[in-house]
Amino acid sequence: MKSVGKPLPHDSAEGHVTGQALYLDDVRTFDGELHVGFVGSPVACGELFAVDTQPAFAVPGVVACFTAHDVPGHNIFGLITADEPFLADEQLLYLGQPVAVVAAESREALELGRQAVRIECRAAKPILELEEAISKERFLGARLRIARGDVDKKLASAEHQLSGTFSSGGQEQFYLESQASIAYPGEQGQIVVHSSTQNPTEIQAVVAEVLGVGQHEVVCICKRMGGAFGGKETQAAIPAMMAALVAQKTGRPARVIYNKDDDMRVTGKRHEYLTRWEVGFDASGRIEALRCNYFSNGGAATDLSPAVLERTLLHSDNAYYVPHVELNGRICFTNLPPNTAFRGFGGPQAMAVTENVLESIAQHLQRDAYDIRLANLYGIGERNVTPYGQVFDKNHLPEIYASLAAQSQYQQRRQEIAQFNANSKLQLRGLALTGIKFGISFTTKFLNQGNALVNVYTDGTIQVSTGATEMGQGVNIKIRQLVADEFAINTSRVVLMPTSTEKNNNTSPTAASASTDLNGAAAVEACQKIKARLQQFAAERLADPDAGLQASPRHIEFVDGFVIDSRRPQVRVEFQQICDEARRERVDLGARGFFATPGVDFNRETGRGTPFFYFTQGAAVAEVVIDRFTGELRVPRVDLLVDIGQSINPGVDRGQIIGGFIQGLGWVTSEALVYDDQGELLSHSPTTYKIPAVTDLPEEFNVTTFDNQDNVQNIRRSKAVGEPPLMLGISVWAAVKNALSYGGPAEQIDLRLPATGEEVLRCLTQLAAAPDASKTTLAK
């Protein structure tokens with residue numbers, strides 16, 4: 001009856017396809033419920049003089065309007081630094097920033113009420129570009145730094161040097177369920193909040209703070225989310241506070257559901273980055289020194305930007321050893337919505353820079369970039385210490401690279417592509433193999449913890465509550481499998497309950513790809529406590545002193561829904577019978593489990609430590625075809641090889657690998673955030689913001705997992721799979737840069753990310769205008 005290792009369906013698979021899986025806006029309205037929305041700032045930067053809500057009350061059905069002056073508790077919040085207003089007060093920081101909250105009997109009245117509110121303000125010139133923020137030294141927080149060796153000396157003495165500036169754009173999370181929250185008042189001033197959030201504990205805390213009550217008076221519940229991708233780790237806070245404020249002030253249930261346009265306009269996204277880099281290397285392409293100065297676009301408040309930037313620095317090496325390295329990072333203030341978490345959490349931006357550097361080295365030396373990558377790959381037993389001092393053990397990268405190159409016929413295709421490009425006047429083809437070494441754990445030590453509550457009932461069924469939230473990634477079915485296997489019962493007899501701060505307190509967000517690791521381990525610990533009690537009880541129940549069999553808990557086993565004494569396995573008692581009898585003998589059938597990741601720590605002052613429990617590794621080979629005249633991009637083939645250890649659920653993990661890669665493909669090729677000079681997002685719907693469509697998928701898509709059993713420190717020897725595959729999408733961007741190298745002088749290529757059709761066409765035009773454009777350079 002073992003279920004771990006089987007591709008069981010997602011917890012809500014049937015509910016998703018039949019429409020029976022409820023999201024917050026599917027929940028039936030409560031009696032007297034109010035619809036809640038907000039009035040946003042009309043300018044991206046300015047002074048707020050007055051907010052006139054009286055015209056809204058003239059709209060039939062409008063019940064309440066609130067501004068910052070009506071907030072009973074703290075109006076300023078923030079998970080790392082409290083610097084973000086819930087409702088704007090005096091200063092306007094970005095276009096659409098919530099200024100007033102409106103509550104009405106119907107959605108129609110709400111919309112009219114929002115339009116009726118008058119805002120008196122004076123606009124100022126906003127800061128919208130990273131370059132401007134850098135030149136004006138408008139930064140959020142302190143500089144971050146990690147360094148090793150003597151970079152200045154080694155750069156100066158290197159046989160070859162290159163330098164450049166790399167730009168990577170932001171990315172919209174584009175979850176299908178927009179930000180949503182429902183709040184209703186309880187007894188004695190208590191508030192219950194249902195939130196589409198990755199972080200119920202944070203929602204509980206910020207709601208308590210804004211209402212001026214204790215956390216014990218607020219319960220946050222999350223059944224499921226319709227996607228999140230990091231966009232609901234902190235961004236769910238403002239809608240939850242809106243709903244809770246209305247519920248407290250009016251005594252009526254309140255519902256906030258953002259429409260897609262508002263959601264995209266006012267919520268934070270993946271950070272845009274500008275990186276200035278210098279590299280020194282020898283004639284073989286091996287890097288001797290690297291300096292990167294990263295500037296991230298934090299938006300108008302801190303949010304999670306320091307943690308995102310920290311992970312950028314920690315992943316600047318990616319899969320490669322750099323003996324002398326200096327990494328500096330600053331967060332730039334701009335008048336845009338505060339940017340936030342997104343799958344990969346700063347890692348993708350760093351890895352893209354590194355892969356760009358390696359492609360640049362290859363083009364400078366006129367070598368195949370695959371050879372350059374092999375020359376710099378982390379070693380086994382040597383060249384295996386990261387810039388922050390953590391030993392990279394259990395390194396499978398050399399084998400993964402070699403295996404994938406062989407599986408994908410890399411060398412043969414490289415020759416074919418060179419021949420094709422030499423003859424074709426209409427198209428360019430490119431090929432790249434890139435890798436990942438993604439650290440698993442929160443880089444903030446205290447977040448590496450999880451707790452679980454397991455209740456076993458007298459019919460042998462089990463309810464499990466953890467701090468993990470289900471957003472479609474499959475954490476619930478994985479935990480069900482782990483719990484079912486502990487008692488050797490079918491997963492149908494285990495259910496994951498909605499995540500609630502009432503049952504699981506002080507939990508970490510469902511993020512950093514670590515939720516199954518943390519919460520699954522906690523659930524297993526709880527199961528083991530209950531098993532120990534049942535084994536003691538069953539040992540006495542199954543003992544046979546007359547036959548010389550004394551009670552022996554260590555011989556009690558759980559097998560295929562039965563409890564047995566291994567010394568006489570023919571005597572079997574159903575698990576549910578044992579549970580029923582144990583309860584009658586006052587045996588406790590409930591337990592809490594707790595897990596804290598061992599051995600992780602990182603000193604931010606010194607930039608040294610062991611921030612990661614282990615590393616998920618992998619590689620991708622991508623081939624692209626570019627139209628020389630339009631810049632249109634096609635991806636005919638992709639091959640992936642990913643080390644995920646021993647999979648708890650191969651079906652779910654395969655879905656995560658494919659989905660993550662496609663989301664990464666979108667980031668590097670088509671998803672462009674376009675703002676006007678007033679700070680308004682112009683690409684705020686599927687008509688203008690281009691996530692990958694089915695026609696963008698690789699025509700040939702080969703996905704393989706790298707089987708190994710050496711991740712012994714983690715639950716069931718598994719590895720996290722949520723975030724790492726996204727960064728394999730960088731292989732497509734690298735293949736585009738490789739293709740362009742066939743079109744003209746390599747030094748002329750300044751390919752930004754994303755490589756949209758417009759961006760590729762810009763580079764082709766730039767190459768065509770180069771003085772020696774008739775000569776082609778190639779990584780041969």
# chains A, B, ... in the order shown; residues from 1 in each chain; ligands from 1
$ select_by_dssp --residues "stretch 29-155 of chain A" --states "strand (DSSP E)" --output "CSV table (one decimal) with C-alpha atoms, in the first residue's frame"
chain,number,residue,atom,x,y,z
A,34,LEU,CA,-20.5,44.0,1.5
A,35,HIS,CA,-18.4,44.3,-1.7
A,36,VAL,CA,-15.2,46.1,-1.1
A,37,GLY,CA,-12.8,48.0,-3.4
A,38,PHE,CA,-10.3,50.8,-3.3
A,39,VAL,CA,-9.7,54.2,-4.9
A,40,GLY,CA,-6.2,54.5,-6.2
A,46,GLY,CA,2.9,63.5,-5.4
A,47,GLU,CA,1.5,65.1,-2.3
A,48,LEU,CA,-1.9,64.1,-1.0
A,49,PHE,CA,-3.9,67.1,0.3
A,50,ALA,CA,-7.4,65.7,0.8
A,51,VAL,CA,-9.8,62.8,0.1
A,52,ASP,CA,-13.4,63.7,-0.2
A,62,VAL,CA,-22.6,52.6,-0.7
A,63,VAL,CA,-22.3,51.8,3.0
A,64,ALA,CA,-18.9,53.0,4.1
A,65,CYS,CA,-15.7,54.8,3.0
A,66,PHE,CA,-12.5,54.8,4.9
A,76,ILE,CA,2.4,51.3,8.0
A,77,PHE,CA,3.4,47.7,7.5
A,84,GLU,CA,4.6,50.6,3.2
A,85,PRO,CA,1.4,52.5,3.8
A,91,GLN,CA,2.6,61.1,0.1
A,92,LEU,CA,1.5,59.3,-3.1
A,98,PRO,CA,-4.8,52.5,-2.4
A,99,VAL,CA,-6.0,55.8,-1.0
A,100,ALA,CA,-9.5,55.0,0.2
A,101,VAL,CA,-11.6,51.9,0.8
A,102,VAL,CA,-15.2,51.8,-0.4
A,103,ALA,CA,-17.8,49.2,0.7
A,104,ALA,CA,-21.2,48.8,-1.0
A,118,ARG,CA,-12.5,62.9,-5.1
A,119,ILE,CA,-8.7,63.0,-4.4
A,120,GLU,CA,-6.9,66.4,-4.2
A,121,CYS,CA,-3.2,66.1,-4.8
A,122,ARG,CA,-0.2,67.7,-6.5
A,123,ALA,CA,1.8,65.6,-8.9
A,139,PHE,CA,18.1,53.3,-2.6
A,140,LEU,CA,16.1,51.1,-0.2
A,141,GLY,CA,18.1,49.6,2.6
A,142,ALA,CA,21.8,49.0,2.8
A,143,ARG,CA,24.3,47.6,0.2
A,144,LEU,CA,24.6,43.8,0.2
A,145,ARG,CA,28.0,42.2,-0.5
A,146,ILE,CA,29.7,38.8,-0.8
A,147,ALA,CA,33.4,38.6,-1.8
A,148,ARG,CA,36.3,36.2,-2.0
$ residues_around --residues "A:Asp653" --least-positions-apart "6" --cutoff "9 Å" --atoms "only C-alpha atoms" --output "PyMOL selection string"
chain A and resi 7+473-474+644+647+720-722
$ write_last_selection --atoms "N, CA and C atoms" --output "CSV table (one decimal), in the first residue's frame"
chain,number,residue,atom,x,y,z
A,7,PRO,N,2.7,8.4,-9.0
A,7,PRO,CA,2.1,9.6,-9.5
A,7,PRO,C,0.7,9.8,-9.3
A,473,GLN,N,0.5,23.5,-6.7
A,473,GLN,CA,1.8,22.9,-6.8
A,473,GLN,C,1.9,21.5,-6.3
A,474,GLY,N,0.8,21.0,-5.6
A,474,GLY,CA,0.7,19.6,-5.2
A,474,GLY,C,1.3,19.3,-3.8
A,644,ILE,N,16.1,15.6,-9.0
A,644,ILE,CA,15.1,15.9,-8.0
A,644,ILE,C,15.2,14.8,-6.9
A,647,SER,N,11.7,11.0,-6.0
A,647,SER,CA,10.4,11.8,-6.1
A,647,SER,C,9.3,11.2,-5.2
A,720,ALA,N,13.5,19.5,-3.6
A,720,ALA,CA,12.5,20.5,-4.0
A,720,ALA,C,12.6,20.7,-5.5
A,721,VAL,N,11.4,21.0,-6.1
A,721,VAL,CA,11.3,21.1,-7.5
A,721,VAL,C,10.5,22.3,-8.0
A,722,GLY,N,9.9,23.1,-7.1
A,722,GLY,CA,9.0,24.1,-7.4
A,722,GLY,C,9.7,25.2,-8.3
$ closest_residue --among "A:Ala369, A:Val210, A:Leu496, A:Leu313" --to "A:Thr386" --atoms "only C-alpha atoms"
A:Leu313
$ atom_distance --atom1 "atom CA of A:Pro509" --atom2 "atom CA of A:Asn328"
27.1 Å
$ residues_around --residues "stretch 663-680 of chain A" --least-positions-apart "3" --cutoff "8 Å" --atoms "only C-alpha atoms" --output "ChimeraX atom specification"
/A:43-44,94-95,126,128,169-172,265,335-336,659-660,683,689-692,725-730,732-733,753-757
$ closest_residue --among "A:Lys154, A:Arg762, A:His160, A:Arg541" --to "A:Ser284" --atoms "only C-alpha atoms"
A:His160
$ atom_distance --atom1 "atom CA of A:Gly298" --atom2 "atom CA of A:Gln349"
13.7 Å
$ residues_around --residues "stretch 586-598 of chain A" --least-positions-apart "6" --cutoff "6 Å" --atoms "only C-alpha atoms" --output "list in words"
Asn448, Gln449, Gly450, Asn451, Ala452, Leu453, Val454, Asn455, Val456, Ala522, Ala523, Glu525, Ala526 and Ile530 of chain A
$ closest_residue --among "A:Gly381, A:Gly467, A:Gly618, A:Gly227" --to "A:Ile400" --atoms "only C-alpha atoms"
A:Gly618
$ residues_around --residues "A:Val385" --least-positions-apart "2" --cutoff "12 Å" --atoms "only C-alpha atoms" --output "list in words"
Arg148, Asp317, Ala319, Tyr320, Tyr321, Val322, Pro323, His324, Leu377, Tyr378, Gly379, Ile380, Gly381, Glu382, Arg383, Pro387, Tyr388, Gly389, Gln390, Val391, Phe392, Asp393, Asn395, Arg608, Gly609 and Thr610 of chain A
